[in-house]
Amino acid sequence: MSNATPSPARLPREVVRQKRDSGRRLHGAVANLLGTAIVSGRIAVGEKLTGEVANAEALDVSRSAYREAVQVLAAKGLVASRPKDGTRVLPRHQWNLLDPMVLAWAFAEEPDVSFVRDLFELRAVVEPAVARMAAERRTAEHVATMRACLETMERETLENERGQAADKAFHATLIAATGNEAMMSLAASIGAAVAFTTIYKSRTAGLSRDPVPDHQRVLDAVAAGDADGAAGAMTDLIELAHRDTRTAIEDHARG
């Protein structure tokens, strides 16, 4: 197998300049570097990472910072360390693909088209049910929060961080409005999926279509207590968002 250590040149220049006592920032940067390389396939499933000493030296970080970075990857199911075998990349089905950090790594470079499809299929199963429950259980406070989010999205657009944060908060509030703790446990994953697909679309060619009206229809149905209408509006929102993301990926591939 090939050497699995990414080139030191790939480590952000500001990280290389960090003092060795900046352990938290260093191990986080190394985890991001390795995580992105694994999720993108540059470090393949089954491939063995070279030794701790060699990797730490190649990345110009302390052994403890490198070790902590590997522990982050292991906690997310990307790698496992075994005596006499070292650290290897685990099969993709063992990865915690819905972890917000893993999603960030997936969208740090060109995302895999099939994985994007999988995310939208998951959203299409979960979020219409969320919208239905929210319409039946929402409070006036939930509606007010979603309305404020929508106003921010409209004012700021989804092409900047404030608008994107409001979009994420809109979906999180919708999930909170269900009052279902099991559903609420998905909030971080759904929010990350929403955020990273939106960021990807806006950074490649800008948003080709304003998605605020799609969100407005969801909000109107939820505020009116229209469960069927809310579920239908959310289904339409997700289908349109998937189409927009797929178009952005295709446009980027064409160059």
# chains A, B, ... in the order shown; residues from 1 in each chain; ligands from 1
$ residues_around --residues "region 151-166 of chain A" --least-positions-apart "5" --cutoff "7 Å" --atoms "only C-alpha atoms" --output "list in words"
Ala195, Ser202 and Val212 of chain A
$ residues_around --residues "Pro91 (chain A)" --least-positions-apart "4" --cutoff "8 Å" --atoms "only C-alpha atoms" --output "mmCIF file with N, CA, C and O atoms, in the first residue's frame"
data_model
loop_
_atom_site.group_PDB
_atom_site.id
_atom_site.type_symbol
_atom_site.label_atom_id
_atom_site.label_comp_id
_atom_site.auth_asym_id
_atom_site.auth_seq_id
_atom_site.Cartn_x
_atom_site.Cartn_y
_atom_site.Cartn_z
ATOM 1 N N VAL A 45 -9.966 3.318 2.027
ATOM 2 C CA VAL A 45 -10.449 2.340 3.006
ATOM 3 C C VAL A 45 -9.464 1.173 3.060
ATOM 4 O O VAL A 45 -9.012 0.675 2.023
ATOM 5 N N GLY A 46 -9.115 0.765 4.279
ATOM 6 C CA GLY A 46 -8.182 -0.329 4.476
ATOM 7 C C GLY A 46 -6.732 0.091 4.498
ATOM 8 O O GLY A 46 -5.856 -0.683 4.907
ATOM 9 N N LEU A 78 -13.879 6.445 11.678
ATOM 10 C CA LEU A 78 -13.126 6.461 10.433
ATOM 11 C C LEU A 78 -11.916 5.533 10.476
ATOM 12 O O LEU A 78 -11.522 4.982 9.433
ATOM 13 N N TRP A 95 -18.380 4.430 9.328
ATOM 14 C CA TRP A 95 -18.186 5.848 9.630
ATOM 15 C C TRP A 95 -19.480 6.459 10.161
ATOM 16 O O TRP A 95 -20.583 6.094 9.726
#
$ select_by_dssp --residues "region 86-117 of chain A" --states "alpha helix (DSSP H)" --output "number ranges by chain"
A: 100-106, 113-117
$ atom_distance --atom1 "CA of Ser189 (chain A)" --atom2 "CA of Gly229 (chain A)"
24.5 Å
$ closest_residue --among "A:Ile199, A:Val222, A:Val116, A:Leu150" --to "Leu97 (chain A)" --atoms "only C-alpha atoms"
A:Val116
$ atom_distance --atom1 "CA of Asp214 (chain A)" --atom2 "CA of Leu237 (chain A)"
5.4 Å
$ residues_around --residues "Gly41 (chain A)" --least-positions-apart "6" --cutoff "12 Å" --atoms "only C-alpha atoms" --output "list in words"
Ala4, Pro6, Leu34, Gly35, Glu47, Leu78, Val89, Leu90, Pro91, Arg92, Trp105, Ala106, Glu109, Glu110, Pro111 and Asp112 of chain A
$ closest_residue --among "A:Asp167, A:Asp226, A:Asp210, A:Asp220" --to "Phe196 (chain A)" --atoms "only C-alpha atoms"
A:Asp167
$ residues_around --residues "region 245-253 of chain A" --least-positions-apart "6" --cutoff "9 Å" --atoms "only C-alpha atoms" --output "PyMOL selection string"
chain A and resi 110-111+113+116-117+197-198+200-202+204-208
$ closest_residue --among "A:Ala176, A:Ala148, A:Ala31, A:Ala104" --to "Val70 (chain A)" --atoms "only C-alpha atoms"
A:Ala31
$ closest_residue --among "A:Ala169, A:Ala241, A:Ala75, A:Leu26" --to "Ala56 (chain A)" --atoms "only C-alpha atoms"
A:Leu26
$ atom_distance --atom1 "CA of Ala233 (chain A)" --atom2 "CA of His215 (chain A)"
8.1 Å
$ residues_around --residues "region 178-180 of chain A" --least-positions-apart "3" --cutoff "8 Å" --atoms "only C-alpha atoms" --output "list of chain:residue names"
A:Val130, A:Ala131, A:Met133, A:Ala134, A:Glu136, A:Arg137, A:Arg138, A:Leu174, A:Ile175, A:Met183, A:Met184
$ residues_around --residues "Asn96 (chain A)" --least-positions-apart "5" --cutoff "8 Å" --atoms "only C-alpha atoms" --output "list in words"
Lys76, Gly77, Leu78 and Val102 of chain A
$ residues_around --residues "Ala74 (chain A)" --least-positions-apart "5" --cutoff "10 Å" --atoms "only C-alpha atoms" --output "number ranges by chain"
A: 68-69, 79-81, 87-90, 95
